[in-house]
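Asks: Have a look at the structure that comes next, please.
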Amino acid sequence: MSRRAGQVEGRPDADAPVRVIGEVLARRREGAYWLLSFSAPELADRARPGQFVEIAVEQKYSLLRRPFSIARVSRQGPAAGTVDVVFDVGGPGTEWLTQLALHDLVDVVGPLGTPFPLPKRRVPCLLIGGGYGAAPLFYLAEELTREGLRVDMIIGAATRERILNPIEAKRASATVTFTTEDGSHGVQGRVTDVLAQTAETCRSAVVYACGPMPMLRAVSEACAELELPVQVAVEEHMACGVGVCFTCVLPVRGKDGEVRMRRACLDGPVFNGARIAWDETRFELGPPPDVEEDEVEDEASGRLTDDELWGEQ
Amino acid sequence: MSRRAGQVEGRPDADAPVRVIGEVLARRREGAYWLLSFSAPELADRARPGQFVEIAVEQKYSLLRRPFSIARVSRQGPAAGTVDVVFDVGGPGTEWLTQLALHDLVDVVGPLGTPFPLPKRRVPCLLIGGGYGAAPLFYLAEELTREGLRVDMIIGAATRERILNPIEAKRASATVTFTTEDGSHGVQGRVTDVLAQTAETCRSAVVYACGPMPMLRAVSEACAELELPVQVAVEEHMACGVGVCFTCVLPVRGKDGEVRMRRACLDGPVFNGARIAWDETRFELGPPPDVEEDEVEDEASGRLTDDELWGEQ
Amino acid sequence: MSADVRRIDAASASAHGDAATEAADVDLTADLGRLTLPNPITTASGCFASGAEIDRFYDVTDLGAITVKSLTLEPRQGLPTPRMAETPAGMLNAIGLQNPGVDGWLERDLPWLQGKGAKVIASIAGNTPEEFRDVARRLRRATGVVAVEVNLSCPNVEHRGLVFACDPKASAEVITAVAREVDVPVFAKLTSDVTDIVAVAQACIEAGASGLTLINTLLGMSIDPETGRTRLFNGYGGLSGPAIRPVAVRNVHQVHTALPDVPIIGTGGVRTIEDVIEMVRAGASLVAVGTATFVDPFTARDLVRELRTWLAARGHTSVAELRGSVLAW
Amino acid sequence: MSADVRRIDAASASAHGDAATEAADVDLTADLGRLTLPNPITTASGCFASGAEIDRFYDVTDLGAITVKSLTLEPRQGLPTPRMAETPAGMLNAIGLQNPGVDGWLERDLPWLQGKGAKVIASIAGNTPEEFRDVARRLRRATGVVAVEVNLSCPNVEHRGLVFACDPKASAEVITAVAREVDVPVFAKLTSDVTDIVAVAQACIEAGASGLTLINTLLGMSIDPETGRTRLFNGYGGLSGPAIRPVAVRNVHQVHTALPDVPIIGTGGVRTIEDVIEMVRAGASLVAVGTATFVDPFTARDLVRELRTWLAARGHTSVAELRGSVLAW
Ligand SMILES: Cc1cc2nc3c(=O)[nH]c(=O)nc-3n(C[C@H](O)[C@H](O)[C@H](O)COP(=O)(O)OP(=O)(O)OC[C@H]3O[C@@H](n4cnc5c(N)ncnc54)[C@H](O)[C@@H]3O)c2cc1C
Ligand SMILES: Cc1cc2nc3c(=O)[nH]c(=O)nc-3n(C[C@H](O)[C@H](O)[C@H](O)COP(=O)(O)OP(=O)(O)OC[C@H]3O[C@@H](n4cnc5c(N)ncnc54)[C@H](O)[C@@H]3O)c2cc1C
Ligand SMILES: Cc1cc2nc3c(=O)[nH]c(=O)nc-3n(C[C@H](O)[C@H](O)[C@H](O)COP(=O)(O)O)c2cc1C
Ligand SMILES: Cc1cc2nc3c(=O)[nH]c(=O)nc-3n(C[C@H](O)[C@H](O)[C@H](O)COP(=O)(O)O)c2cc1C
Ligand code: FES
Ligand code: FES
């Protein structure tokens, strides 16, 4: 197809992903990261926090699109119809993105994947972001706040430079705790070192996390200890991002206790952290269980159950 | 290697090609064509009319560099150290070039190939350009004029829009005859329709031509009839441009009368038009003749011989 | 880059004004012997999941047919991750045939396709001829299944795990077992990783295949230079995408030249309308889009549209007239 | 694009400061059994002409060795044009072994290489085992020729024109004929277009080859969609370049696993320092740069330089220690 700004392909349905030719409205450093902002009204309208976009990169030798969490959408005001992503440069595709100029065109598919489910009750929410993983949490915080929920944050990174936008973090949440591994900002250590304390202080009833897989695992395990429901947005290598290639799978335990390979791009990227079979990510897979899931599991905890909080998933 | 403007690799020898990372100084429409101007002082210093450059294209899926004739170099003045090429958009590589912005970097290898040999005597020269093939002839005209030779031109194209820079043509030569196939500018017809007449009027002693292969063939054949020495700059599909792949060959008759496959990128692109075995371009090749060429051929013509004009090639 | 990215649209009517046909008059029918499809674009097995995923983007019945992910007798979870690695203009995958099993598919996925009225090419896989046969048997009277594609790039457990498609005899055995079971045309899907593809193709046709699908992925490998770890859990994987197109075109041409009457489903690196025409000229009657769907989910649908325009602009009245039309020098 | 094009330099010392070695202390020696070369970078046959062409850019003796274009008994003009077509991240070629013949080469090209003190790997080709033998015989006492590479991807005129490398027996016959004639190590250059590369490799080693070169180009084809004309005069041609790298790496790994003591010259799509390391890890002792030289004439020299830095930054003291070092999951 010829490419012109504003071109959009897809179904009119409100939850259908589209392909948009967007115009670059901003491309700038954001601490250690980069922010890319582009026009994509139909995509912005349909997006929810936790979802992601697939951006085509016109990089020599690179074939596939690159997935990025949606960091913010603007539906009103002067920036209406824009979508932001925040990214870290780590290879040719992200490198190419840094070379985009204002008014360049980007070819984007989205919104893709599952959004963070919002609690059905007005409970305090603890949002835990690692590195650029904080970006979609700012977006989530905005939505939770709008719904009248209290938001607290833990933002961690290796170093001070890799803490994404600390000012935004403070604005978006009631409290924010920073952790850095080298101690250059906030508490020295990892997000899990302050999790229990923060959850207690803030009376957090639910946890949302986004960041590197080892962090998501540690957070999920800590939440299991604390009997806190937790939703995590995972990252898996994706070829298609739209559910057709089965490259992005991870083992997720169903309510029947059986582990099945789920597509991070379609069944996720947001999963119940307690359900991910973290130990089995690399397991040799035997014959799968029945494909249909069993009945609703019993929740023994005195805390809010997943069901009560998120509704039927 | 990392890329920075001005970076140059290669030997110091004055006739050695180099690889230069040049900065784009201009990129604009030039009639139906585009002009690209970039800084490359070492390349500009070594270049001669008829030679070409190989430009790397950072186009998805495209692997190889693209060859372009050098249209002009500036060695002095405010634009010192710049090289111009003129190109027609016909595929992904040239398309990519049109998207370069001011100050972008281009990775260029050159100067490559043989230059137009200059006559050893002060004879009137007829330069025949087809389409964008006129570009290197303007450069040649400049050099011939500087040497005190009379230059006349025939510039042909399919339509008026495809006549490259008629004002430059007029400035560069004593007379210029335009031909267009649709008659929208100058004489309706082809360059060969006006060749004999023009050569006679201008008392041309030698012909230089650059343009599509069928034109070069027609010009060469017409010159054979008129017993005019002719030098043509050919175009063949090139993988390497530097003499190592043997994809760009064409059959050239040696002084011994034997036809050998010559590399357009190394032995050319400028050849004696009378020597190209036009009929045999696609021939099934038998065993080759001795690799060494025979003695100097006899020149029967009463006109200046190739040897007298160009010197030993 | 500048904002005025333009495309060299070979299909633009202006360039071919003289010979133009009306787009609506172009006959896109794909003739595959006993099977006729409304247009010559399908999906490559394993690159379109069950169909519903892409139906979120467009109506998948716009395609000539939908070829689904290979079905095995039992459900399979597939291989551990990582399952893919990007390579220059291509990718490697090692999925391990994750699929719901033929029964699960018949129960849950096929009804959706039937509801849409889609024409389905069911790809089947197995580790023994008997497994292939059993899968085929279950597909026998499935409405909507217009053909069965036999994925012969499966390890033959009875023969040192060598894939069936490497051996004419083993391939023929599978085809014989399958062809007996089903009424619809059977396509044997072959690999290019053999010394003599024509011999394998011939053996499959003699064993009862109505047609051939060419080609499956090429066996490849990628290693992380830093860590030395293979980029795929499985070590080796299948190379697909534009990178392999010249190899696919060669295989299609080679087999079409040897077996001109056999319908061929051409697959391997097809992405643009020019690629479709190239495949058809090489000898394909139906063209399957695989990896390109990963790059752009709309690819297959767009190719159907562009095919009509491309042919019309050049005065062709049908796509079939281009099949096998290659000019030598 | 902006002017500040930056490169992700995996070799940047900063990222690996801890384990760093002094670059000068890194041992780049390539150990190929009886043959030792100063560094593990050479050129792929047919991609470096005679050597002098690239010497205009840099001193070609910077390379571990120079592998020259395949030499035949008689001079050859090669095939008519077009001889090449670009493909996604690759290219097809059908040159037809244009070369001055072994005698012409000995007379005119080798002296230049000798004058430079270059280490030369002479690639040889022929249509019968006897032709190969005769070319080898003429190379016997040629100074500077440190190894002979036998290009087995030549049509075997005695066997329906099938290339030698497709058949273990035919390959072995050629190798036997050549190995008898020369004192230097003999490398058999194989094609990936076979069902079982290990079988061909084994046959060559048993017949007297000291080592193997893997791989030659893949057989491919390209057709102009507009005209239907094949893009190569020859119809089919050889696919090379980054596109084929995963296939080359797989072949090298497969053969190295089966024959761990056999030196391998790895070739196919190598362009970057990461590609060199990948090839070495897969099992190559020497890495040959082919098509990448067309894209940038400095590639091979740059890789020698970058190899030193890359290894030093990671605390490796020799390139040899990485050979065959692959981690499975
Ligand atoms: C759902 C999702 C959301 C993401 N959100 C963000 C984000 O908001 N910001 C951000 O900076 N990065 C994000 N990532 C990671 C991002 O996609 C990769 O950093 C990027 O693809 C790297 O491309 P490259 O060409 O620069 O690097 P390369 O490493 O050269 O990429 C090579 C291949 O590996 C894949 N790949 C590499 N790293 C990753 C990774 N970490 N996860 C998945 N695939 C990878 C690429 O897509 C590509 O196919 C997200 C990934 C997923 C799956
Ligand atoms: C010595 C020489 C000088 C040239 N000078 C000029 C010039 O001054 N201005 C200009 O516009 N063009 C010139 N050309 C032609 C120019 O190289 C091609 O137009 C260009 O390579 C097309 O690239 P593409 O990606 O746009 O098109 P594509 O057709 O997609 O290119 C595909 C492949 O074919 C090759 N190719 C395509 N057309 C030609 C051609 N006509 N000649 C050689 N190779 C070709 C390309 O290099 C590439 O490898 C010259 C060619 C040669 C050999
Ligand atoms: C992720 C992935 C999964 C695949 N799964 C199957 C499969 O299940 N059965 C099959 O016959 N081929 C499978 N293939 C091969 C494709 O059907 C196709 O033959 C191959 O990818 C070449 O086409 P392409 O380059 O257009 O992708 C798969 C390919 C990919 C990339
Ligand atoms: C233009 C060209 C000519 C070639 N000529 C020869 C040859 O004469 N002998 C040979 O053994 N291989 C020849 N090859 C194959 C290369 O040596 C190499 O095996 C192949 O190109 C794969 O490596 P690459 O991807 O790095 O190019 C040639 C390849 C190309 C591209
Ligand atoms: S990335 Fe293809 S299924 Fe998830
Ligand atoms: S283009 Fe490679 S030899 Fe001329």
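Convention: chains lettered A, B, ... in structure tokens order; per-chain residue numbering from 1; ligands numbered from 1 as shown.
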Please determine the contact residues of chain B with respect to chain C at a cut-off of 12 Å, counting only C-alpha atoms, and supply them as a list of chain:residue names.

Replies: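 Every residue of chain B that passes the 12 Å test is in B:Arg27, B:Glu58, B:Gln59, B:Lys60, B:Tyr61, B:Ser62, B:Leu63, B:Val89, B:Gly90, B:Gly91, B:Pro92, B:Gly93, B:Thr94, B:Glu95, B:Trp96, B:Leu97, B:Thr98, B:Gln99, B:Leu100, B:Ala101, B:Leu102, B:His103, B:Asp104, B:Thr281, B:Arg282, B:Phe283, B:Glu284.
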
Asks: What would the file look like if the residues just selected were written as an mmCIF file, in the first residue's frame with N, CA and C atoms?

Replies:
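Output file result_10.cif is given in full below:
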```
data_model
loop_
_atom_site.group_PDB
_atom_site.id
_atom_site.type_symbol
_atom_site.label_atom_id
_atom_site.label_comp_id
_atom_site.auth_asym_id
_atom_site.auth_seq_id
_atom_site.Cartn_x
_atom_site.Cartn_y
_atom_site.Cartn_z
ATOM 1 N N ARG B 27 19.617 17.779 -1.746
ATOM 2 C CA ARG B 27 18.852 16.684 -2.351
ATOM 3 C C ARG B 27 17.605 17.339 -2.884
ATOM 4 N N GLU B 58 20.356 2.204 2.649
ATOM 5 C CA GLU B 58 19.885 1.563 3.892
ATOM 6 C C GLU B 58 18.423 1.184 3.737
ATOM 7 N N GLN B 59 18.127 0.537 2.650
ATOM 8 C CA GLN B 59 16.767 0.204 2.303
ATOM 9 C C GLN B 59 16.482 -1.224 2.756
ATOM 10 N N LYS B 60 15.376 -1.405 3.450
ATOM 11 C CA LYS B 60 14.966 -2.742 3.871
ATOM 12 C C LYS B 60 14.989 -3.674 2.659
ATOM 13 N N TYR B 61 15.465 -4.886 2.866
ATOM 14 C CA TYR B 61 15.518 -5.940 1.843
ATOM 15 C C TYR B 61 16.605 -5.737 0.793
ATOM 16 N N SER B 62 17.090 -4.487 0.565
ATOM 17 C CA SER B 62 18.103 -4.280 -0.475
ATOM 18 C C SER B 62 19.482 -4.519 0.114
ATOM 19 N N LEU B 63 20.297 -5.233 -0.614
ATOM 20 C CA LEU B 63 21.608 -5.587 -0.086
ATOM 21 C C LEU B 63 22.717 -4.695 -0.628
ATOM 22 N N VAL B 89 14.406 7.901 -10.381
ATOM 23 C CA VAL B 89 13.849 6.942 -9.427
ATOM 24 C C VAL B 89 13.198 5.786 -10.174
ATOM 25 N N GLY B 90 13.672 4.583 -9.896
ATOM 26 C CA GLY B 90 13.130 3.443 -10.616
ATOM 27 C C GLY B 90 12.969 2.217 -9.749
ATOM 28 N N GLY B 91 13.332 2.314 -8.491
ATOM 29 C CA GLY B 91 13.251 1.137 -7.631
ATOM 30 C C GLY B 91 13.507 1.536 -6.200
ATOM 31 N N PRO B 92 13.583 0.553 -5.327
ATOM 32 C CA PRO B 92 13.684 0.848 -3.891
ATOM 33 C C PRO B 92 14.952 1.610 -3.501
ATOM 34 N N GLY B 93 16.054 1.343 -4.191
ATOM 35 C CA GLY B 93 17.311 1.996 -3.825
ATOM 36 C C GLY B 93 17.279 3.480 -4.139
ATOM 37 N N THR B 94 16.876 3.821 -5.341
ATOM 38 C CA THR B 94 16.806 5.228 -5.723
ATOM 39 C C THR B 94 15.687 5.920 -4.949
ATOM 40 N N GLU B 95 14.623 5.190 -4.678
ATOM 41 C CA GLU B 95 13.544 5.726 -3.850
ATOM 42 C C GLU B 95 14.087 6.140 -2.477
ATOM 43 N N TRP B 96 14.894 5.271 -1.916
ATOM 44 C CA TRP B 96 15.481 5.566 -0.603
ATOM 45 C C TRP B 96 16.312 6.850 -0.655
ATOM 46 N N LEU B 97 17.047 7.021 -1.758
ATOM 47 C CA LEU B 97 17.896 8.211 -1.872
ATOM 48 C C LEU B 97 17.076 9.491 -1.837
ATOM 49 N N THR B 98 15.859 9.427 -2.392
ATOM 50 C CA THR B 98 15.036 10.648 -2.410
ATOM 51 C C THR B 98 14.601 11.031 -1.011
ATOM 52 N N GLN B 99 14.709 10.097 -0.077
ATOM 53 C CA GLN B 99 14.229 10.374 1.278
ATOM 54 C C GLN B 99 15.334 10.872 2.204
ATOM 55 N N LEU B 100 16.521 11.011 1.668
ATOM 56 C CA LEU B 100 17.603 11.551 2.478
ATOM 57 C C LEU B 100 17.317 13.008 2.817
ATOM 58 N N ALA B 101 17.711 13.393 3.987
ATOM 59 C CA ALA B 101 17.523 14.779 4.403
ATOM 60 C C ALA B 101 18.887 15.459 4.504
ATOM 61 N N LEU B 102 18.865 16.749 4.501
ATOM 62 C CA LEU B 102 20.085 17.517 4.669
ATOM 63 C C LEU B 102 20.821 17.017 5.914
ATOM 64 N N HIS B 103 22.124 16.883 5.838
ATOM 65 C CA HIS B 103 22.988 16.463 6.946
ATOM 66 C C HIS B 103 22.945 14.955 7.220
ATOM 67 N N ASP B 104 22.062 14.227 6.565
ATOM 68 C CA ASP B 104 22.130 12.768 6.679
ATOM 69 C C ASP B 104 23.488 12.316 6.165
ATOM 70 N N THR B 281 26.308 -9.246 -27.021
ATOM 71 C CA THR B 281 26.097 -9.016 -25.591
ATOM 72 C C THR B 281 25.492 -10.237 -24.922
ATOM 73 N N ARG B 282 24.614 -10.908 -25.619
ATOM 74 C CA ARG B 282 23.948 -12.037 -25.001
ATOM 75 C C ARG B 282 24.429 -13.368 -25.569
ATOM 76 N N PHE B 283 25.568 -13.332 -26.269
ATOM 77 C CA PHE B 283 25.972 -14.551 -26.979
ATOM 78 C C PHE B 283 26.376 -15.675 -26.049
ATOM 79 N N GLU B 284 26.278 -16.867 -26.559
ATOM 80 C CA GLU B 284 26.777 -18.037 -25.854
ATOM 81 C C GLU B 284 28.282 -18.046 -26.053
#
```

Asks: If we count only C-alpha atoms and set the cut-off at 6 Å, which residues sit around Arg190 (chain A), ignoring sequence neighbours fewer than 2 positions away in its own chain? Please answer as a list in words.

Replies: Thr179, Thr192 and Asp193 of chain A

Asks: Any residue with an atom at most 6 Å from ligand 6 counts, using only C-alpha atoms and all ligand atoms. Which are they? Put them as a list in words.

Replies: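 Every residue with an atom at most 6 Å from ligand 6 is listed here: Met238, Ala239, Cys240, Gly241, Val242, Gly243, Val244, Cys245, Phe246, Thr247, Cys248, Arg263, Ala264 and Cys265 of chain B.
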
Asks: Mind listing as JSON, numbers by chain which residues of chain C are within 8 Å of chain D, counting only C-alpha atoms?

Replies: {"C": [1, 87, 88, 89, 90, 166, 192, 193, 194, 195, 196, 218, 219, 220, 221, 222, 223, 224, 225, 227, 228, 229, 230, 233, 234, 235, 236, 239, 242, 243, 244, 246, 247, 248, 249, 250, 251, 274, 275, 277, 278, 281, 282, 325, 326, 327, 328, 329]}

Asks: Show which residues sit within 6 Å of region 9-23 of chain A, as a compact mmCIF listing (two decimals) with C-alpha atoms, in the first residue's frame. Count only C-alpha atoms, and ignore same-chain residues fewer than 3 positions away.

Replies:
```txt
# COMPACT_ATOMS: atom_id res chain seq x y z
CA ALA A 5 -0.37 9.93 7.28
CA GLY A 6 -3.69 9.03 8.80
CA PHE A 38 2.88 9.67 16.92
CA SER A 39 -0.60 10.44 15.66
CA ALA A 40 -2.96 7.46 15.50
CA ARG A 46 -9.23 1.85 21.36
CA HIS A 103 6.74 14.27 10.48
CA ASP A 104 8.22 10.96 9.42
CA LEU A 105 5.66 8.23 9.03
CA VAL A 106 5.46 5.12 11.19
CA ASP A 107 3.45 2.03 10.41
CA VAL A 108 1.86 0.78 13.62
CA VAL A 109 -0.49 -2.08 14.48
CA GLY A 110 -2.48 -1.96 17.72
CA PRO A 111 -3.77 -1.88 20.31
CA ARG C 56 -10.20 -9.31 13.91
CA PHE C 57 -8.46 -7.33 11.16
```
